[in-house]
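Shown below: query_10.cif, with mmCIF, C-alpha atoms.
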data_query
loop_
_atom_site.label_atom_id
_atom_site.label_comp_id
_atom_site.auth_asym_id
_atom_site.auth_seq_id
_atom_site.Cartn_x
_atom_site.Cartn_y
_atom_site.Cartn_z
CA MET A 1 -13.12 -83.86 30.89
CA GLU A 2 -14.33 -81.83 33.83
CA SER A 3 -15.99 -78.59 32.79
CA PRO A 4 -14.46 -75.29 33.98
CA ALA A 5 -17.70 -74.43 35.82
CA ARG A 6 -17.41 -77.55 37.95
CA SER A 7 -13.69 -77.23 38.63
CA VAL A 8 -14.02 -73.79 40.28
CA PRO A 9 -15.53 -73.88 43.79
CA GLY A 10 -18.84 -72.04 43.93
CA ALA A 11 -19.05 -71.60 40.15
CA GLN A 12 -22.39 -73.38 39.85
CA ALA A 13 -24.04 -71.11 42.43
CA ILE A 14 -22.62 -68.03 40.71
CA ALA A 15 -23.84 -69.26 37.32
CA ARG A 16 -27.33 -69.85 38.71
CA ALA A 17 -27.43 -66.43 40.35
CA ALA A 18 -26.22 -64.78 37.14
CA ARG A 19 -28.92 -66.60 35.18
CA LEU A 20 -31.56 -65.29 37.59
CA LEU A 21 -30.17 -61.76 37.32
CA ARG A 22 -30.43 -61.88 33.53
CA LEU A 23 -33.99 -63.17 33.73
CA VAL A 24 -35.01 -60.44 36.19
CA THR A 25 -33.55 -57.67 34.04
CA ALA A 26 -35.08 -59.17 30.88
CA ALA A 27 -38.52 -58.98 32.52
CA GLY A 28 -38.28 -55.18 32.48
CA ALA A 29 -40.22 -52.75 34.63
CA ASP A 30 -43.07 -55.19 35.33
CA GLY A 31 -40.76 -57.66 37.02
CA ALA A 32 -41.18 -61.44 37.12
CA THR A 33 -42.81 -63.92 39.46
CA LEU A 34 -40.85 -66.49 41.43
CA HIS A 35 -42.66 -69.24 39.54
CA ASP A 36 -41.63 -67.88 36.13
CA LEU A 37 -38.05 -67.24 37.21
CA ALA A 38 -37.62 -70.71 38.68
CA ARG A 39 -39.10 -72.35 35.60
CA SER A 40 -36.99 -70.33 33.13
CA ALA A 41 -33.82 -70.92 35.15
CA GLU A 42 -34.66 -74.63 35.52
CA LEU A 43 -34.44 -74.40 39.29
CA SER A 44 -36.72 -75.49 42.11
CA ARG A 45 -38.79 -72.71 43.66
CA SER A 46 -36.89 -73.07 46.93
CA THR A 47 -33.47 -72.78 45.24
CA ALA A 48 -34.59 -69.82 43.15
CA HIS A 49 -36.03 -68.08 46.21
CA ARG A 50 -32.84 -68.67 48.22
CA LEU A 51 -30.65 -67.21 45.47
CA LEU A 52 -32.97 -64.27 44.86
CA SER A 53 -33.08 -63.49 48.56
CA ALA A 54 -29.26 -63.46 48.68
CA LEU A 55 -29.16 -61.16 45.66
CA ARG A 56 -31.72 -58.91 47.34
CA LEU A 57 -29.54 -58.53 50.42
CA GLU A 58 -26.77 -57.25 48.13
CA GLY A 59 -29.14 -54.81 46.39
CA LEU A 60 -28.89 -56.57 43.03
CA VAL A 61 -32.60 -57.41 42.87
CA ASP A 62 -35.65 -56.09 44.66
CA ARG A 63 -39.10 -57.51 45.46
CA ASP A 64 -42.29 -55.52 45.18
CA GLU A 65 -44.22 -56.09 48.40
CA ASP A 66 -47.63 -55.66 46.77
CA SER A 67 -47.22 -57.81 43.65
CA THR A 68 -44.38 -60.03 45.06
CA ARG A 69 -42.69 -59.73 41.67
CA TRP A 70 -38.90 -59.57 41.43
CA MET A 71 -37.24 -56.57 39.78
CA PRO A 72 -33.74 -55.18 39.18
CA GLY A 73 -32.20 -53.67 42.29
CA PRO A 74 -30.50 -50.30 42.87
CA GLU A 75 -27.01 -51.78 42.97
CA LEU A 76 -27.38 -52.84 39.34
CA PHE A 77 -27.89 -49.21 38.37
CA LEU A 78 -24.69 -48.17 40.14
CA MET A 79 -22.70 -51.01 38.58
CA GLY A 80 -24.16 -50.28 35.17
CA SER A 81 -23.24 -46.62 35.39
CA VAL A 82 -19.60 -47.55 35.94
CA ALA A 83 -19.56 -50.25 33.25
CA ALA A 84 -21.24 -47.98 30.70
CA ALA A 85 -18.08 -45.94 30.27
CA ARG A 86 -16.41 -48.96 28.72
CA TYR A 87 -19.20 -50.99 27.15
CA ASP A 88 -22.09 -48.67 26.34
CA VAL A 89 -22.17 -47.73 22.67
CA THR A 90 -25.85 -46.80 22.59
CA THR A 91 -24.97 -43.11 22.41
CA LEU A 92 -23.08 -43.85 19.19
CA ALA A 93 -25.94 -45.92 17.81
CA ARG A 94 -28.99 -43.90 18.78
CA ASP A 95 -29.19 -41.50 15.82
CA ILE A 96 -28.35 -44.31 13.39
CA VAL A 97 -31.20 -46.45 14.75
CA ARG A 98 -33.52 -43.45 14.46
CA SER A 99 -32.40 -42.83 10.87
CA LEU A 100 -33.03 -46.47 10.03
CA ALA A 101 -36.58 -46.27 11.39
CA VAL A 102 -37.32 -43.02 9.54
CA LYS A 103 -36.00 -44.24 6.18
CA THR A 104 -37.67 -47.65 6.27
CA GLU A 105 -40.80 -46.76 8.30
CA GLU A 106 -40.29 -50.04 10.20
CA SER A 107 -39.32 -50.62 13.84
CA ALA A 108 -35.52 -50.48 14.16
CA PHE A 109 -33.33 -52.00 16.87
CA PHE A 110 -29.78 -52.07 18.17
CA SER A 111 -28.72 -55.26 19.96
CA ALA A 112 -25.51 -56.37 21.65
CA ARG A 113 -24.00 -59.79 21.95
CA ARG A 114 -23.75 -61.02 25.53
CA ALA A 115 -22.12 -64.47 25.62
CA ASP A 116 -24.50 -66.82 23.77
CA GLU A 117 -27.37 -64.32 23.55
CA THR A 118 -28.30 -60.99 22.08
CA VAL A 119 -29.97 -58.34 24.20
CA CYS A 120 -31.88 -55.43 22.69
CA LEU A 121 -30.51 -52.06 23.82
CA LEU A 122 -32.44 -49.60 21.65
CA ARG A 123 -35.81 -49.59 19.89
CA GLU A 124 -37.08 -46.87 17.57
CA GLU A 125 -40.60 -47.02 16.13
CA GLY A 126 -41.18 -46.47 12.43
CA SER A 127 -44.09 -44.51 11.04
CA PHE A 128 -45.94 -47.50 9.55
CA PRO A 129 -48.99 -48.02 11.79
CA ILE A 130 -48.93 -51.85 11.89
CA ARG A 131 -45.99 -53.02 13.99
CA SER A 132 -44.36 -56.13 15.37
CA PHE A 133 -43.80 -56.30 19.12
CA VAL A 134 -41.51 -59.33 19.29
CA LEU A 135 -38.53 -57.24 20.36
CA SER A 136 -38.05 -54.40 22.85
CA GLU A 137 -35.33 -53.07 25.16
CA GLY A 138 -33.99 -55.76 27.49
CA VAL A 139 -35.38 -58.72 25.55
CA ARG A 140 -32.87 -61.53 25.00
CA PHE A 141 -32.70 -64.28 22.41
CA PRO A 142 -30.15 -67.05 21.86
CA LEU A 143 -27.78 -66.44 18.98
CA GLY A 144 -29.26 -67.72 15.72
CA VAL A 145 -32.90 -67.23 16.71
CA ALA A 146 -33.82 -63.57 16.09
CA SER A 147 -32.40 -61.83 13.02
CA ALA A 148 -29.86 -59.85 15.08
CA GLY A 149 -28.43 -63.00 16.64
CA LEU A 150 -28.49 -64.81 13.31
CA ALA A 151 -26.44 -62.03 11.73
CA ILE A 152 -23.89 -62.06 14.56
CA LEU A 153 -23.56 -65.86 14.59
CA ALA A 154 -23.12 -65.99 10.80
CA PHE A 155 -20.02 -63.81 10.90
CA LEU A 156 -18.28 -65.50 13.82
CA PRO A 157 -15.37 -67.82 12.97
CA ASP A 158 -16.49 -71.32 11.91
CA HIS A 159 -15.04 -72.96 15.03
CA ASP A 160 -16.99 -70.54 17.24
CA VAL A 161 -20.18 -71.47 15.41
CA ASP A 162 -19.44 -75.18 15.82
CA THR A 163 -18.79 -74.90 19.56
CA TYR A 164 -21.90 -72.73 20.02
CA LEU A 165 -24.09 -75.37 18.38
CA GLU A 166 -22.45 -78.07 20.49
CA ARG A 167 -23.31 -76.09 23.63
CA HIS A 168 -26.93 -75.61 22.57
CA PRO A 169 -28.42 -78.85 21.22
CA ASP A 170 -31.75 -77.70 22.69
CA LEU A 171 -32.44 -74.96 20.11
CA GLU A 172 -34.78 -77.22 18.15
CA SER A 173 -36.78 -78.32 21.20
CA ALA A 174 -36.99 -74.75 22.51
CA TRP A 175 -37.71 -72.92 19.23
CA GLY A 176 -39.11 -75.53 16.84
CA ARG A 177 -37.94 -77.66 13.92
CA THR A 178 -36.93 -74.61 11.91
CA HIS A 179 -34.07 -74.25 14.42
CA ARG A 180 -32.64 -77.73 14.02
CA GLN A 181 -28.94 -77.60 13.33
CA GLN A 182 -28.98 -78.21 9.57
CA ALA A 183 -31.70 -75.64 8.97
CA LEU A 184 -29.80 -73.11 11.09
CA ARG A 185 -26.55 -73.78 9.24
CA THR A 186 -28.36 -73.18 5.95
CA ARG A 187 -29.64 -69.82 7.18
CA LEU A 188 -26.14 -68.91 8.40
CA ALA A 189 -24.67 -69.66 4.96
CA GLU A 190 -27.41 -67.62 3.26
CA THR A 191 -26.76 -64.74 5.66
CA LYS A 192 -23.03 -64.65 4.86
CA GLU A 193 -23.74 -64.72 1.14
CA ARG A 194 -26.48 -62.07 1.31
CA GLY A 195 -24.77 -59.89 3.91
CA TYR A 196 -27.79 -59.68 6.22
CA ALA A 197 -30.02 -62.17 8.03
CA VAL A 198 -33.69 -62.83 7.32
CA ASN A 199 -36.12 -64.22 9.88
CA PRO A 200 -39.32 -65.11 7.97
CA GLY A 201 -41.71 -65.26 10.91
CA LEU A 202 -39.88 -68.04 12.76
CA ILE A 203 -40.50 -66.58 16.24
CA VAL A 204 -44.02 -65.23 15.75
CA GLU A 205 -45.94 -66.13 12.61
CA GLY A 206 -46.39 -63.14 10.32
CA SER A 207 -43.71 -61.08 12.06
CA TRP A 208 -40.60 -60.80 9.89
CA GLY A 209 -37.17 -59.43 10.73
CA ILE A 210 -33.87 -58.69 9.04
CA GLY A 211 -30.56 -58.05 10.79
CA ALA A 212 -27.04 -56.91 9.95
CA ALA A 213 -23.94 -57.41 12.06
CA VAL A 214 -22.01 -54.48 13.48
CA PHE A 215 -18.28 -55.12 13.98
CA ASP A 216 -15.65 -53.97 16.46
CA ARG A 217 -12.18 -52.75 15.48
CA SER A 218 -10.85 -56.31 15.26
CA GLY A 219 -13.61 -57.35 12.87
CA ARG A 220 -15.67 -59.39 15.31
CA PRO A 221 -19.47 -59.09 15.19
CA GLU A 222 -20.40 -57.80 18.65
CA TRP A 223 -23.62 -55.90 17.86
CA ALA A 224 -26.39 -55.85 15.28
CA LEU A 225 -28.96 -53.54 13.73
CA SER A 226 -32.31 -55.03 12.83
CA LEU A 227 -35.75 -54.23 11.46
CA THR A 228 -39.05 -55.96 12.21
CA GLY A 229 -42.48 -55.65 10.70
CA VAL A 230 -45.46 -57.49 9.31
CA GLU A 231 -44.94 -60.03 6.53
CA PHE A 232 -46.45 -58.14 3.61
CA ARG A 233 -43.96 -55.32 4.18
CA PHE A 234 -41.05 -57.69 3.49
CA GLY A 235 -41.80 -58.83 -0.04
CA PRO A 236 -38.91 -59.73 -2.41
CA ASP A 237 -38.61 -56.34 -4.10
CA ARG A 238 -38.78 -54.30 -0.91
CA MET A 239 -36.60 -56.78 0.97
CA ALA A 240 -33.65 -55.97 -1.27
CA GLU A 241 -34.13 -52.24 -0.65
CA LEU A 242 -34.44 -52.76 3.11
CA GLY A 243 -31.33 -54.93 3.10
CA ARG A 244 -29.26 -52.29 1.33
CA THR A 245 -30.43 -49.60 3.74
CA LEU A 246 -29.77 -51.82 6.76
CA LEU A 247 -26.26 -52.73 5.59
CA ALA A 248 -25.38 -49.09 4.90
CA HIS A 249 -26.39 -48.13 8.44
CA ALA A 250 -24.53 -51.12 9.93
CA HIS A 251 -21.35 -50.18 8.06
CA GLN A 252 -21.70 -46.59 9.27
CA LEU A 253 -22.05 -47.71 12.87
CA SER A 254 -19.13 -50.15 12.63
CA ALA A 255 -16.91 -47.32 11.38
CA ARG A 256 -18.16 -44.98 14.09
CA ILE A 257 -17.45 -47.52 16.87
CA ALA A 258 -13.97 -48.23 15.49
CA ASN A 259 -13.08 -44.53 15.32
CA ALA A 260 -14.48 -43.80 18.77
CA ARG A 261 -12.34 -46.49 20.40
CA ARG A 262 -8.98 -45.57 18.90
#

Can the structure from this file be put into structure tokens for me?
Amino acid sequence: MESPARSVPGAQAIARAARLLRLVTAAGADGATLHDLARSAELSRSTAHRLLSALRLEGLVDRDEDSTRWMPGPELFLMGSVAAARYDVTTLARDIVRSLAVKTEESAFFSARRADETVCLLREEGSFPIRSFVLSEGVRFPLGVASAGLAILAFLPDHDVDTYLERHPDLESAWGRTHRQQALRTRLAETKERGYAVNPGLIVEGSWGIGAAVFDRSGRPEWALSLTGVEFRFGPDRMAELGRTLLAHAHQLSARIANARR
């Protein structure tokens, strides 16, 4: 069967351009080189440069003349300002993320689901002096990799999980054997039973994370709260306490989002 992307004229070029846009914004204020963007997007340097140049003409990306690195353009800010009225819930989440960081002393995060990824929207540092720096604003991970995406994926309908895994057979090759399908399904089942996800240093050794899904009014997991820290801070006894605190904050935010959108 022909895929929808191939049946719509120009869809492939749009998909490639959108992929580059996401990579540029994920690179943050430092920007990204053409080489890195082309490699991450699985494009030739000439194709990536052609698409980036077209996006630059529209103001969607910009290029620093000194460093030659590519950065988000001014038009993205204008578009984002308009879209924020409908999609931005960070104002609802900010004090809850801060409360989570204060109560646990760990770094706390608020992430949103965007298609098959999560993107971090808010980070609040805890008071504990040793921190993990795996996650920060703008960083994206595939669903099921970081604790936030694992929590979201676990509470999606079973058929959505199945189709997601069919779309992404490369998770094991990209993220290691701990992300092979059976191991991931086991973690998803444990997450549903426990109520929150645990990432025991699967992205960076020694850096642990836990995540809890945040739901919209219809009961779909569209966001997540998470905590990260060094391994010895996530022992069995303290893990249970952190999990209870995380779930309480996630439930509070879910209720707040539902009430705000009535």

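The set of protein, DNA and RNA residues with any counted atom at most 10 Å from (-36.9, -66.1, 35.4) (all atoms listed in the file) reads A:Arg19, A:Leu20, A:Leu21, A:Arg22, A:Leu23, A:Val24, A:Thr25, A:Ala26, A:Ala27, A:Gly31, A:Ala32, A:Thr33, A:Leu34, A:His35, A:Asp36, A:Leu37, A:Ala38, A:Arg39, A:Ser40, A:Ala41, A:Glu42, A:Leu43, A:Ala48, A:Trp70.
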
Restricting it to C-alpha atoms, dump the selection as a CSV table (one decimal), keeping the file's coordinate frame.
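The resulting selection12.csv:
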chain,number,residue,atom,x,y,z
A,19,ARG,CA,-28.9,-66.6,35.2
A,20,LEU,CA,-31.6,-65.3,37.6
A,21,LEU,CA,-30.2,-61.8,37.3
A,22,ARG,CA,-30.4,-61.9,33.5
A,23,LEU,CA,-34.0,-63.2,33.7
A,24,VAL,CA,-35.0,-60.4,36.2
A,25,THR,CA,-33.6,-57.7,34.0
A,26,ALA,CA,-35.1,-59.2,30.9
A,27,ALA,CA,-38.5,-59.0,32.5
A,31,GLY,CA,-40.8,-57.7,37.0
A,32,ALA,CA,-41.2,-61.4,37.1
A,33,THR,CA,-42.8,-63.9,39.5
A,34,LEU,CA,-40.8,-66.5,41.4
A,35,HIS,CA,-42.7,-69.2,39.5
A,36,ASP,CA,-41.6,-67.9,36.1
A,37,LEU,CA,-38.0,-67.2,37.2
A,38,ALA,CA,-37.6,-70.7,38.7
A,39,ARG,CA,-39.1,-72.4,35.6
A,40,SER,CA,-37.0,-70.3,33.1
A,41,ALA,CA,-33.8,-70.9,35.2
A,42,GLU,CA,-34.7,-74.6,35.5
A,43,LEU,CA,-34.4,-74.4,39.3
A,48,ALA,CA,-34.6,-69.8,43.2
A,70,TRP,CA,-38.9,-59.6,41.4

Within 12 Å of (-36.0, -47.3, 11.5) (coordinates as in the file), grab all the protein and nucleic acid residues, counting only C-alpha atoms, and write them out as a VMD selection string. chain A and resid 93 to 110 122 to 128 131 210 225 to 229 242 245 to 246 249

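Coordinates place atom CA of Gly144 of chain A at a distance of 12.6 Å from atom CA of Ala115 of chain A.
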
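Between atom CA of Gly176 of chain A and atom CA of Ala240 of chain A the interatomic distance comes to 27.2 Å.
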
Any chance you could work out the axis-aligned box around segment 158-172 of chain A, listed atoms only, 8 Å on each side, giving centre and edge lengths in Å to one decimal, as lines of an AutoDock Vina configuration file?
center_x = -24.9
center_y = -74.7
center_z = 17.8
size_x = 35.7
size_y = 24.3
size_z = 27.7

Pairwise distance for atom CA of Ile257 of chain A and atom CA of Val89 of chain A, rounded to one decimal in Å: 7.5 Å

Result set, the PyMOL selection byres ((chain A and resi 216-224) around 8) on current file, as number ranges by chain: A: 110-113, 148-149, 151-153, 155-156, 211-215, 225-226, 250, 254, 257-258, 261

Please determine, counting all atoms listed in the file, which residue among A:Leu247, A:Glu166, A:Gln182, A:Gly10 has the shortest atom-to-atom distance to Gly195 of chain A. A:Leu247

Counting all atoms listed in the file, figure out which residue out of A:Val204, A:Leu92, A:Ala174, A:Leu78 gets nearest to Asn259 of chain A. A:Leu92

Among listed residues A:Leu60, A:Glu117, A:Ala260, A:Pro236, nearest Gly80 of chain A (using only C-alpha atoms): A:Leu60

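For the set A:Leu253, A:Leu76, A:Leu184, A:Ala11, the residue with the smallest atom-to-atom gap to Asp162 of chain A is A:Leu184, counting only C-alpha atoms.
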
With only C-alpha atoms as the counted atoms, please give the residues lying no more than 6 Å from segment 50-59 of chain A, apart from itself and same-chain residues fewer than 2 positions off, as a ChimeraX atom specification. /A:47-48,61-62,73-75

Written as a PyMOL selection string, which residues does the PyMOL selection byres ((chain A and resi 208) around 10) give for the file shown? chain A and resi 132+134+146-147+198-207+209-210+227-234
